[in-house]
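Novice: Please find coords-v2.tsv (TSV, C-alpha atoms) on the next line:
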chain	number	residue	atom	x	y	z
A	788	MET	CA	-9.23	-7.13	-4.88
A	789	ASN	CA	-6.88	-7.16	-7.89
A	790	GLN	CA	-3.47	-6.75	-6.28
A	791	SER	CA	-2.05	-4.97	-9.34
A	792	ARG	CA	-4.67	-2.22	-9.14
A	793	ASN	CA	-4.03	1.06	-7.33
A	794	VAL	CA	-5.61	1.60	-3.94
A	795	ARG	CA	-7.81	4.63	-4.50
A	796	TRP	CA	-8.02	7.06	-1.59
A	797	GLY	CA	-10.42	9.77	-0.53
A	798	VAL	CA	-9.44	12.47	1.96
A	799	LEU	CA	-12.20	13.48	4.36
A	800	GLY	CA	-11.29	17.06	5.24
A	801	THR	CA	-8.58	19.58	4.46
A	802	ALA	CA	-6.75	19.88	7.80
A	803	ARG	CA	-3.05	20.79	7.79
A	804	ILE	CA	-1.95	17.18	8.24
A	805	ALA	CA	-4.00	16.14	5.19
A	806	ALA	CA	-1.48	17.77	2.85
A	807	LYS	CA	1.41	15.73	4.30
A	808	VAL	CA	-0.46	12.43	4.11
A	809	THR	CA	-1.71	13.19	0.60
A	810	ARG	CA	1.89	13.73	-0.53
A	811	ALA	CA	2.78	10.38	1.02
A	812	ILE	CA	-0.05	8.61	-0.80
A	813	HIS	CA	1.00	10.16	-4.10
A	814	ALA	CA	4.58	8.96	-3.46
A	815	VAL	CA	3.68	5.30	-2.77
A	816	ASP	CA	3.56	2.90	-5.69
A	817	GLY	CA	0.08	1.48	-6.12
A	818	ALA	CA	-1.72	4.28	-4.29
A	819	GLU	CA	-3.46	7.44	-5.45
A	820	VAL	CA	-5.62	10.17	-3.95
A	821	VAL	CA	-8.69	10.37	-6.15
A	822	ALA	CA	-10.97	12.75	-4.23
A	823	VAL	CA	-11.17	15.18	-1.32
A	824	ALA	CA	-14.15	16.56	0.58
A	825	SER	CA	-14.73	19.69	2.61
A	826	ARG	CA	-17.84	21.29	4.05
A	827	SER	CA	-17.19	24.03	1.47
A	828	GLY	CA	-17.27	23.01	-2.18
A	829	GLU	CA	-15.08	25.99	-3.06
A	830	ARG	CA	-12.47	25.06	-0.48
A	831	ALA	CA	-12.49	21.42	-1.59
A	832	ALA	CA	-12.00	22.40	-5.23
A	833	SER	CA	-9.15	24.78	-4.37
A	834	TRP	CA	-7.44	22.18	-2.16
A	835	ALA	CA	-7.82	19.50	-4.82
A	836	LYS	CA	-6.22	21.75	-7.43
A	837	ASP	CA	-3.31	22.62	-5.12
A	838	HIS	CA	-2.62	18.96	-4.27
A	839	GLY	CA	-3.14	17.23	-7.61
A	840	VAL	CA	-6.42	15.54	-6.68
A	841	PRO	CA	-8.84	15.07	-9.60
A	842	TYR	CA	-12.21	15.13	-7.79
A	843	SER	CA	-13.63	17.26	-4.99
A	844	TYR	CA	-16.88	17.28	-3.02
A	845	GLY	CA	-18.65	19.95	-0.99
A	846	THR	CA	-19.99	17.49	1.59
A	847	TYR	CA	-18.37	14.63	3.48
A	848	GLN	CA	-21.16	12.20	2.62
A	849	ALA	CA	-20.67	12.81	-1.11
A	850	LEU	CA	-17.11	11.52	-0.77
A	851	LEU	CA	-18.32	8.34	0.96
A	852	ASP	CA	-20.85	7.80	-1.81
A	853	ASP	CA	-18.06	7.71	-4.43
A	854	ASP	CA	-17.94	4.06	-5.51
A	855	GLN	CA	-14.46	4.35	-7.02
A	856	LEU	CA	-12.81	4.80	-3.59
A	857	ASP	CA	-11.28	1.92	-1.60
A	858	ALA	CA	-10.01	3.76	1.49
A	859	ILE	CA	-10.66	7.02	3.33
A	860	TYR	CA	-8.13	9.05	5.29
A	861	VAL	CA	-9.86	10.95	8.12
A	862	PRO	CA	-7.99	14.05	9.38
A	863	LEU	CA	-11.05	15.62	11.05
A	864	PRO	CA	-11.00	16.87	14.67
A	865	PRO	CA	-11.03	13.97	17.17
A	866	SER	CA	-14.59	14.74	18.24
A	867	MET	CA	-15.73	13.88	14.68
A	868	HIS	CA	-13.71	10.69	14.23
A	869	ALA	CA	-16.25	8.21	15.59
A	870	GLU	CA	-19.19	9.43	13.53
A	871	TRP	CA	-17.33	9.64	10.24
A	872	ALA	CA	-15.21	6.51	10.65
A	873	MET	CA	-18.39	4.53	11.24
A	874	ARG	CA	-20.00	6.16	8.21
A	875	CYS	CA	-16.94	5.21	6.16
A	876	ALA	CA	-17.32	1.62	7.35
A	877	GLU	CA	-21.01	1.59	6.46
A	878	ALA	CA	-20.03	2.77	2.97
A	879	GLY	CA	-17.60	-0.16	2.69
A	880	LYS	CA	-14.46	1.99	2.84
A	881	HIS	CA	-11.30	1.10	4.75
A	882	VAL	CA	-10.44	3.74	7.38
A	883	LEU	CA	-7.12	5.38	8.21
A	884	CYS	CA	-7.99	7.82	11.00
A	885	GLU	CA	-5.81	10.51	12.54
A	886	LYS	CA	-4.79	10.11	16.14
A	887	PRO	CA	-6.18	10.12	18.73
A	888	LEU	CA	-8.53	7.53	17.32
A	889	ALA	CA	-11.44	9.06	19.26
A	890	ILE	CA	-12.08	11.18	22.34
A	891	ASN	CA	-12.56	8.13	24.57
A	892	ALA	CA	-12.35	4.35	24.53
A	893	VAL	CA	-16.12	3.86	24.22
A	894	GLU	CA	-16.09	5.68	20.89
A	895	ALA	CA	-12.96	3.81	19.81
A	896	GLU	CA	-14.65	0.47	20.53
A	897	SER	CA	-17.69	1.53	18.48
A	898	MET	CA	-15.45	2.44	15.55
A	899	ALA	CA	-13.68	-0.92	15.69
A	900	THR	CA	-16.99	-2.80	15.90
A	901	ALA	CA	-18.40	-0.94	12.90
A	902	CYS	CA	-15.30	-1.65	10.81
A	903	ARG	CA	-15.29	-5.34	11.78
A	904	LYS	CA	-18.96	-5.63	10.88
A	905	SER	CA	-18.32	-4.10	7.45
A	906	ASN	CA	-15.13	-6.12	6.90
A	907	VAL	CA	-12.92	-3.06	6.48
A	908	GLN	CA	-9.61	-2.17	8.09
A	909	LEU	CA	-9.36	0.43	10.87
A	910	MET	CA	-5.97	1.93	11.70
A	911	ASP	CA	-4.94	5.10	13.49
A	912	ALA	CA	-2.34	7.30	11.82
A	913	THR	CA	0.47	6.98	14.38
A	914	MET	CA	3.22	7.03	11.78
A	915	TRP	CA	6.47	6.28	13.58
A	916	VAL	CA	5.56	2.66	14.43
A	917	HIS	CA	5.58	1.83	10.69
A	918	HIS	CA	9.17	2.95	10.09
A	919	PRO	CA	11.85	0.22	9.85
A	920	ARG	CA	13.65	1.90	12.75
A	921	ALA	CA	10.75	1.06	15.07
A	922	ALA	CA	10.94	-2.63	14.17
A	923	GLU	CA	14.71	-2.67	14.64
A	924	MET	CA	14.54	-0.91	18.02
A	925	LEU	CA	11.83	-3.30	19.22
A	926	ARG	CA	14.03	-6.27	18.32
A	927	SER	CA	16.86	-4.71	20.35
A	928	ILE	CA	14.54	-4.13	23.30
A	929	GLY	CA	13.30	-7.72	23.20
A	930	ASP	CA	16.48	-9.71	22.42
A	931	GLY	CA	17.90	-9.59	25.93
A	932	ARG	CA	20.79	-7.21	25.40
A	933	LEU	CA	19.20	-4.66	27.78
A	934	GLY	CA	18.65	-7.31	30.44
A	935	ALA	CA	15.35	-7.40	32.32
A	936	LEU	CA	13.34	-4.32	31.37
A	937	ARG	CA	12.62	-1.94	34.22
A	938	ARG	CA	11.79	1.59	33.02
A	939	MET	CA	10.80	3.68	30.04
A	940	THR	CA	10.88	7.47	30.07
A	941	VAL	CA	9.36	9.53	27.28
A	942	GLY	CA	9.28	13.26	26.54
A	943	PHE	CA	7.33	15.03	23.83
A	944	GLY	CA	6.78	18.75	23.69
A	945	MET	CA	6.05	21.71	21.50
A	946	ASN	CA	5.90	25.42	22.25
A	947	MET	CA	2.41	26.61	21.33
A	948	GLU	CA	3.30	30.25	21.92
A	949	THR	CA	6.17	30.02	19.41
A	950	TYR	CA	3.94	28.13	16.97
A	951	ILE	CA	1.13	30.65	17.04
A	952	GLN	CA	3.53	33.57	16.59
A	953	GLN	CA	4.05	32.20	13.08
A	954	ASN	CA	0.43	33.35	12.55
A	955	PRO	CA	-0.91	30.19	10.88
A	956	PRO	CA	-3.93	31.18	8.79
A	957	HIS	CA	-6.47	29.16	10.78
A	958	MET	CA	-5.78	31.09	13.98
A	959	ALA	CA	-7.37	34.34	15.10
A	960	GLN	CA	-5.07	37.36	15.27
A	961	ASP	CA	-5.08	40.28	17.68
A	962	ASN	CA	-6.69	43.27	15.98
A	963	GLN	CA	-4.16	45.73	17.41
A	964	THR	CA	-0.86	43.86	17.04
A	965	GLY	CA	-1.72	41.51	14.17
A	966	ASN	CA	-0.24	38.64	16.18
A	967	SER	CA	-1.85	35.44	17.37
A	968	THR	CA	-1.95	34.74	21.09
A	969	LEU	CA	-2.95	31.72	23.14
A	970	ASP	CA	-6.19	33.40	24.19
A	971	ASN	CA	-7.38	34.68	20.83
A	972	CYS	CA	-6.63	31.43	19.03
A	973	LEU	CA	-9.00	29.43	21.24
A	974	ALA	CA	-11.94	29.77	18.86
A	975	ASN	CA	-10.04	28.16	15.99
A	976	GLU	CA	-7.34	25.87	17.37
A	977	LEU	CA	-8.78	22.43	18.13
A	978	ARG	CA	-5.79	21.59	20.35
A	979	MET	CA	-7.15	24.20	22.79
A	980	LYS	CA	-10.78	23.00	22.79
A	981	ARG	CA	-11.58	20.12	25.15
A	982	ASP	CA	-14.92	19.30	23.53
A	983	MET	CA	-13.16	18.74	20.19
A	984	GLY	CA	-10.61	16.36	21.70
A	985	GLY	CA	-7.97	18.98	22.44
A	986	GLY	CA	-5.32	19.01	25.14
A	987	CYS	CA	-1.74	17.80	25.13
A	988	LEU	CA	-2.60	14.35	26.58
A	989	LEU	CA	-4.53	13.29	23.47
A	990	ASP	CA	-2.35	15.28	21.08
A	991	LEU	CA	1.17	14.54	22.39
A	992	GLY	CA	0.68	12.10	25.26
A	993	TRP	CA	-0.91	9.67	22.78
A	994	TYR	CA	2.57	9.14	21.30
A	995	CYS	CA	4.19	8.72	24.72
A	996	ILE	CA	1.65	6.11	25.78
A	997	ARG	CA	1.93	4.28	22.45
A	998	ALA	CA	5.69	4.09	22.94
A	999	ALA	CA	5.25	2.43	26.34
A	1000	LEU	CA	2.69	-0.05	25.03
A	1001	TRP	CA	4.98	-0.77	22.08
A	1002	ALA	CA	8.04	-1.39	24.25
A	1003	PHE	CA	6.40	-3.30	27.11
A	1004	GLY	CA	3.40	-4.94	25.45
A	1005	GLY	CA	0.00	-5.06	27.11
A	1006	LEU	CA	-1.71	-2.50	29.30
A	1007	PRO	CA	-0.38	-0.99	32.52
A	1008	ARG	CA	-2.05	-2.15	35.74
A	1009	GLN	CA	-2.58	1.37	37.03
A	1010	VAL	CA	-1.75	4.97	36.18
A	1011	TYR	CA	-1.33	8.36	37.79
A	1012	GLY	CA	-1.57	11.69	35.98
A	1013	ALA	CA	-0.95	15.34	36.81
A	1014	ALA	CA	-1.75	18.29	34.57
A	1015	ARG	CA	-1.76	22.06	34.30
A	1016	TYR	CA	-4.87	23.49	32.63
A	1017	HIS	CA	-5.84	26.54	30.58
A	1018	ASN	CA	-9.60	27.00	30.15
A	1019	ASP	CA	-10.09	23.34	31.18
A	1020	VAL	CA	-7.61	22.14	28.54
A	1021	ASP	CA	-4.47	20.32	29.69
A	1022	ILE	CA	-1.50	22.25	28.32
A	1023	ASN	CA	1.09	20.27	30.27
A	1024	PHE	CA	0.76	16.65	31.41
A	1025	SER	CA	2.89	14.16	33.32
A	1026	GLY	CA	2.02	10.50	33.68
A	1027	LEU	CA	3.14	7.36	35.50
A	1028	MET	CA	2.20	3.87	34.31
A	1029	TRP	CA	2.85	0.69	36.29
A	1030	PHE	CA	3.20	-2.54	34.27
A	1031	GLU	CA	3.56	-6.16	35.33
A	1032	ASN	CA	7.00	-7.64	36.12
A	1033	ASP	CA	8.35	-4.58	37.96
A	1034	ARG	CA	8.25	-2.31	34.92
A	1035	MET	CA	7.29	1.35	35.01
A	1036	SER	CA	6.95	4.06	32.38
A	1037	SER	CA	6.83	7.80	32.95
A	1038	PHE	CA	6.28	10.59	30.47
A	1039	ASP	CA	5.80	14.31	30.21
A	1040	CYS	CA	4.31	16.31	27.38
A	1041	GLY	CA	3.20	19.88	26.89
A	1042	PHE	CA	2.29	22.80	24.70
A	1043	ASP	CA	4.64	25.05	26.71
A	1044	LEU	CA	7.92	23.20	26.12
A	1045	THR	CA	10.67	23.31	23.56
A	1046	TRP	CA	10.36	20.89	20.64
A	1047	ARG	CA	11.51	17.49	21.92
A	1048	LYS	CA	10.55	13.89	21.10
A	1049	TRP	CA	12.75	11.31	22.83
A	1050	PHE	CA	12.57	8.13	24.86
A	1051	GLU	CA	14.84	5.86	26.89
A	1052	VAL	CA	14.17	2.19	27.61
A	1053	VAL	CA	16.23	0.92	30.56
A	1054	GLY	CA	16.98	-2.62	31.66
A	1055	THR	CA	19.28	-4.26	34.17
A	1056	GLY	CA	22.04	-4.57	31.54
A	1057	GLY	CA	21.76	-1.52	29.32
A	1058	SER	CA	19.54	1.16	27.82
A	1059	LEU	CA	18.24	2.18	24.41
A	1060	VAL	CA	17.84	5.88	23.60
A	1061	CYS	CA	16.08	7.51	20.65
A	1062	ASP	CA	16.07	11.31	20.61
A	1063	ASP	CA	13.54	11.74	17.79
A	1064	PHE	CA	11.17	8.77	17.84
A	1065	VAL	CA	8.08	10.65	16.59
A	1066	ASN	CA	9.91	11.53	13.38
A	1067	PRO	CA	13.65	11.71	12.69
A	1068	TRP	CA	15.39	15.05	12.99
A	1069	ASP	CA	17.25	14.03	9.85
A	1070	SER	CA	15.06	11.81	7.65
A	1071	ASP	CA	18.17	10.66	5.75
A	1072	ARG	CA	19.71	9.29	8.95
A	1073	PRO	CA	17.24	7.67	11.38
A	1074	ARG	CA	19.27	6.78	14.47
A	1075	TYR	CA	19.22	5.42	18.00
A	1076	TRP	CA	21.81	4.42	20.62
A	1077	ILE	CA	22.36	1.45	22.91
A	1078	HIS	CA	24.34	2.12	26.12
A	1079	ASP	CA	25.98	-0.73	28.00
A	1080	GLN	CA	26.57	-1.00	31.76
A	1081	LYS	CA	29.96	0.70	31.48
A	1082	GLY	CA	28.64	3.78	29.74
A	1083	SER	CA	29.80	2.84	26.27
A	1084	ALA	CA	27.30	3.95	23.60
A	1085	THR	CA	26.86	2.44	20.15
A	1086	GLU	CA	24.98	4.41	17.52
A	1087	PHE	CA	22.77	2.58	15.05
A	1088	THR	CA	21.21	3.96	11.88
A	1089	THR	CA	18.45	2.40	9.83
A	1090	GLU	CA	17.03	2.55	6.33
A	1091	PRO	CA	16.10	6.17	5.51
A	1092	LEU	CA	12.50	5.67	4.49
A	1093	ILE	CA	9.73	8.24	4.96
A	1094	GLN	CA	7.47	7.07	7.78
A	1095	GLU	CA	4.27	8.50	6.27
A	1096	GLN	CA	4.95	6.48	3.14
A	1097	CYS	CA	5.68	3.35	5.20
A	1098	MET	CA	2.30	3.71	6.92
A	1099	ILE	CA	0.46	4.17	3.62
A	1100	ASP	CA	2.27	1.22	2.07
A	1101	HIS	CA	1.37	-1.05	5.02
A	1102	PHE	CA	-2.26	0.05	4.87
A	1103	CYS	CA	-2.45	-0.49	1.11
A	1104	GLN	CA	-1.06	-4.02	1.49
A	1105	ILE	CA	-3.97	-4.83	3.83
A	1106	VAL	CA	-6.49	-3.36	1.41
A	1107	ARG	CA	-5.07	-5.25	-1.57
A	1108	THR	CA	-4.95	-8.64	0.14
A	1109	GLY	CA	-8.20	-8.23	2.05
A	1110	GLU	CA	-6.46	-9.79	5.07
A	1111	LEU	CA	-7.59	-7.47	7.86
A	1112	ASN	CA	-5.21	-6.96	10.79
A	1113	ASP	CA	-7.05	-6.73	14.10
A	1114	VAL	CA	-3.86	-5.73	15.95
A	1115	TRP	CA	-4.17	-2.12	14.76
A	1116	PRO	CA	-7.60	-1.34	16.22
A	1117	LYS	CA	-6.75	-3.27	19.40
A	1118	ILE	CA	-3.63	-1.20	20.07
A	1119	SER	CA	-5.56	2.00	19.32
A	1120	ILE	CA	-8.25	1.07	21.83
A	1121	ALA	CA	-5.61	0.18	24.43
A	1122	ASN	CA	-3.95	3.56	23.81
A	1123	GLN	CA	-7.32	5.25	24.26
A	1124	ARG	CA	-8.08	3.38	27.50
A	1125	VAL	CA	-4.81	4.55	29.03
A	1126	CYS	CA	-5.52	8.14	27.94
A	1127	ASP	CA	-8.95	7.92	29.59
A	1128	ALA	CA	-7.48	6.59	32.83
A	1129	LEU	CA	-4.75	9.23	32.96
A	1130	ASP	CA	-7.24	12.02	32.31
A	1131	GLN	CA	-9.44	10.69	35.12
A	1132	SER	CA	-6.44	10.48	37.45
A	1133	ALA	CA	-5.27	14.02	36.72
A	1134	ARG	CA	-8.76	15.41	37.37
A	1135	THR	CA	-9.35	13.45	40.58
A	1136	GLY	CA	-5.81	13.35	41.98
A	1137	LYS	CA	-6.08	9.58	42.45
A	1138	VAL	CA	-4.30	6.51	41.06
A	1139	VAL	CA	-6.59	4.78	38.56
A	1140	ARG	CA	-6.54	1.04	37.97
A	1141	ILE	CA	-6.99	-0.40	34.47
A	1142	ASP	CA	-8.84	-3.72	34.51
Translate the structure described by the file into structure tokens.

Specialist:
Amino acid sequence: MNQSRNVRWGVLGTARIAAKVTRAIHAVDGAEVVAVASRSGERAASWAKDHGVPYSYGTYQALLDDDQLDAIYVPLPPSMHAEWAMRCAEAGKHVLCEKPLAINAVEAESMATACRKSNVQLMDATMWVHHPRAAEMLRSIGDGRLGALRRMTVGFGMNMETYIQQNPPHMAQDNQTGNSTLDNCLANELRMKRDMGGGCLLDLGWYCIRAALWAFGGLPRQVYGAARYHNDVDINFSGLMWFENDRMSSFDCGFDLTWRKWFEVVGTGGSLVCDDFVNPWDSDRPRYWIHDQKGSATEFTTEPLIQEQCMIDHFCQIVRTGELNDVWPKISIANQRVCDALDQSARTGKVVRID
């Protein structure tokens, strides 16, 4: 591909997150959103007008048939990721797919195989790992200053009840009060539908697991999960992951917690703490701390880039060069395998080994 030419994007669906990623694509040099698709032509046209996108389609397949597109961003519900990512690959389009990559590792493997066969890139849209802060923290974790690594603890939560009281337009409202509730939003909120890939493990725990894989490298040997359910959907989840070399990671996540997004990596000689790893509280000041054995903390700040734009820029570089990076689908599949094992553990009450 001509490296001076823009990477031309299509957006497959008009989910809430699609607006944020579209803004990021517009903001990156050498990238542009050319078209969007929805199952409703009217909705697609309205969304395209609101977000500065020149073309719109009333079916998903029509977007894939557009020969001017190089890459497709897929913000569909997780239960639709496998089918449409593979269709994108068959159409010769590179695929940036929202997380979780799929609803299980079997689907994730099929997506990766289809993309390899068609010689297109597959990447999940876990944004924080593309920010310069992530690279800097990983260097600090690996350069020996923390000593031998022993533990990682991660917390990620959101309060679904508070969120739905904002009455987002996609949620059902109570006819008498005009307010949304957890029960009457079930028909419309994919996070609360297991068959669509809902539940806090895949939605929030995905980030916690990715953080452990990022910090420790490789898969855990075994896992244990515990969850609280609402209509068969995990709304609160805790997990333990045992890694080689005496390392362990624990996490908790939930839809019934205050907004929090932190981790701590602990070694024999110090610890690294980030209180906003998913996305910085203050985007102008991405920060983290290193604590030594005597309790002295040093704060570090990194380049204030926008992580969505970093992700898009990295993806576009792959598309322009044609040099596919197999690390991205491999880490997504690993993430998915751990999710599968933790879900199995929570539902059986047993420790699950990962081979």

Novice: Taking 6 positions as the minimum chain separation for residues in the same chain, which residues sit within 10 Å of Gly931 (chain A) when counting only C-alpha atoms? Answer as a ChimeraX atom specification.

Specialist: /A:1054-1057

Novice: Skipping near chain neighbours, those fewer than 4 positions away, what residues fall within 7 Å of region 984-997 of chain A using all atoms listed in the file, listed as number ranges by chain?

Specialist: A: 865-866, 887, 890, 941, 943, 977-980, 1001, 1020-1024, 1038, 1040-1042, 1122, 1126

Novice: Do a neighbour search on region 897-914 of chain A at 6 Å with all atoms listed in the file, toss out local chain neighbours closer than 6 positions, and write the hits as a PyMOL selection string.

Specialist: chain A and resi 869+873+876+881-886+888+1094-1095+1098+1111+1115-1116

Novice: Find the residues near Arg1072 (chain A): any atom within 10 Å, counting only C-alpha atoms, skip ones fewer than 3 places away on the same chain, and give them as a list in words.

Specialist: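 The filter keeps Pro1067, Trp1068, Asp1069, Tyr1075, Phe1087, Thr1088, Thr1089, Glu1090, Pro1091 and Leu1092 of chain A.
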
Novice: Using C-alpha atoms, can you write the selected residues to a file as a CSV table (one decimal), in the frame of the given file?

Specialist:
chain,number,residue,atom,x,y,z
A,1067,PRO,CA,13.6,11.7,12.7
A,1068,TRP,CA,15.4,15.0,13.0
A,1069,ASP,CA,17.2,14.0,9.8
A,1075,TYR,CA,19.2,5.4,18.0
A,1087,PHE,CA,22.8,2.6,15.0
A,1088,THR,CA,21.2,4.0,11.9
A,1089,THR,CA,18.4,2.4,9.8
A,1090,GLU,CA,17.0,2.6,6.3
A,1091,PRO,CA,16.1,6.2,5.5
A,1092,LEU,CA,12.5,5.7,4.5

Novice: Need to verify the contact set: Trp1076 (chain A), 10 Å, all atoms listed in the file, exclusion of same-chain residues closer than 2 positions in sequence. Can you return it as a compact mmCIF listing (two decimals) with C-alpha atoms, in the frame of the given file?

Specialist:
# COMPACT_ATOMS: atom_id res chain seq x y z
CA MET A 924 14.54 -0.91 18.02
CA GLU A 1051 14.84 5.86 26.89
CA SER A 1058 19.54 1.16 27.82
CA LEU A 1059 18.24 2.18 24.41
CA VAL A 1060 17.84 5.88 23.60
CA CYS A 1061 16.08 7.51 20.65
CA ASP A 1062 16.07 11.31 20.61
CA ARG A 1074 19.27 6.78 14.47
CA HIS A 1078 24.34 2.12 26.12
CA ASP A 1079 25.98 -0.73 28.00
CA SER A 1083 29.80 2.84 26.27
CA ALA A 1084 27.30 3.95 23.60
CA THR A 1085 26.86 2.44 20.15
CA GLU A 1086 24.98 4.41 17.52
CA PHE A 1087 22.77 2.58 15.05
CA THR A 1088 21.21 3.96 11.88

Novice: Would you mind telling me which residue in A:Glu976, A:Pro841, A:His868, A:Arg1140 lies nearest to Arg803 (chain A) when using only C-alpha atoms?

Specialist: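 When distances to Arg803 (chain A) are compared using only C-alpha atoms, the smallest one comes from A:Glu976.
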
Novice: Go through A:Val815, A:Val1106, A:Val861, A:Asp854 one by one, measure the shortest atom-to-atom distance of each to Val798 (chain A) using all atoms listed in the file, and give the residue with the smallest value.

Specialist: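 Among A:Val815, A:Val1106, A:Val861, A:Asp854, it is A:Val861 that comes nearest to Val798 (chain A).
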
Novice: So, with all atoms listed in the file as the atoms that count, which of A:Asp852, A:Ala1128, A:Pro919, A:Gly934 lies closest to His1101 (chain A)?

Specialist: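 For His1101 (chain A), the nearest of the candidates is A:Pro919.
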
Novice: Under the rule that only C-alpha atoms are counted, which of A:Ser1070, A:Asn1112, A:Ser1119, A:Thr940 is the nearest residue to Arg1034 (chain A)?

Specialist: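 Answer, going by the shortest atom-to-atom distance: A:Thr940.
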
Novice: From the set A:Leu863, A:Ala1133, A:Ala824, A:Cys1097, which residue has the shortest atom-to-atom contact distance to Tyr1016 (chain A), counting all atoms listed in the file?

Specialist: A:Ala1133

Novice: Looking at A:Gly929, A:Leu856, A:Ala832, A:His838, which one is nearest to Trp796 (chain A), with distances taken over only C-alpha atoms?

Specialist: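 Answer, going by the shortest atom-to-atom distance: A:Leu856.
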
Novice: What's the separation between CA of Asp1039 (chain A) and CA of Gly1026 (chain A), in Å to one decimal place?

Specialist: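 Spanning CA of Asp1039 (chain A) to CA of Gly1026 (chain A) is a straight-line distance of 6.4 Å.
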
Novice: What is the CA of Trp834 (chain A)-CA of Pro864 (chain A) distance in Å, reported with one decimal?

Specialist: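 Pair CA of Trp834 (chain A) / CA of Pro864 (chain A) returns 18.0 Å.
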
Novice: CA of Lys1048 (chain A) to CA of Asp1019 (chain A): how many Å, to one decimal?

Specialist: 24.8 Å

Novice: Work out where the centre of an axis-aligned box around every listed atom of region 1073-1092 of chain A lies and how long its edges are once 6 Å is added on each side; give both in Å to one decimal as AutoDock Vina command-line options.

Specialist:
--center_x 21.2 --center_y 3.3 --center_z 18.1 --size_x 29.5 --size_y 20.7 --size_z 39.3

Novice: Pull the neighbourhood of (-0.1, 22.9, 3.0) for me: all residues within 12 Å in file coordinates, counting only C-alpha atoms, as an NGL selection string.

Specialist: :A and (801-810 or 833-835 or 837-838 or 955-957)
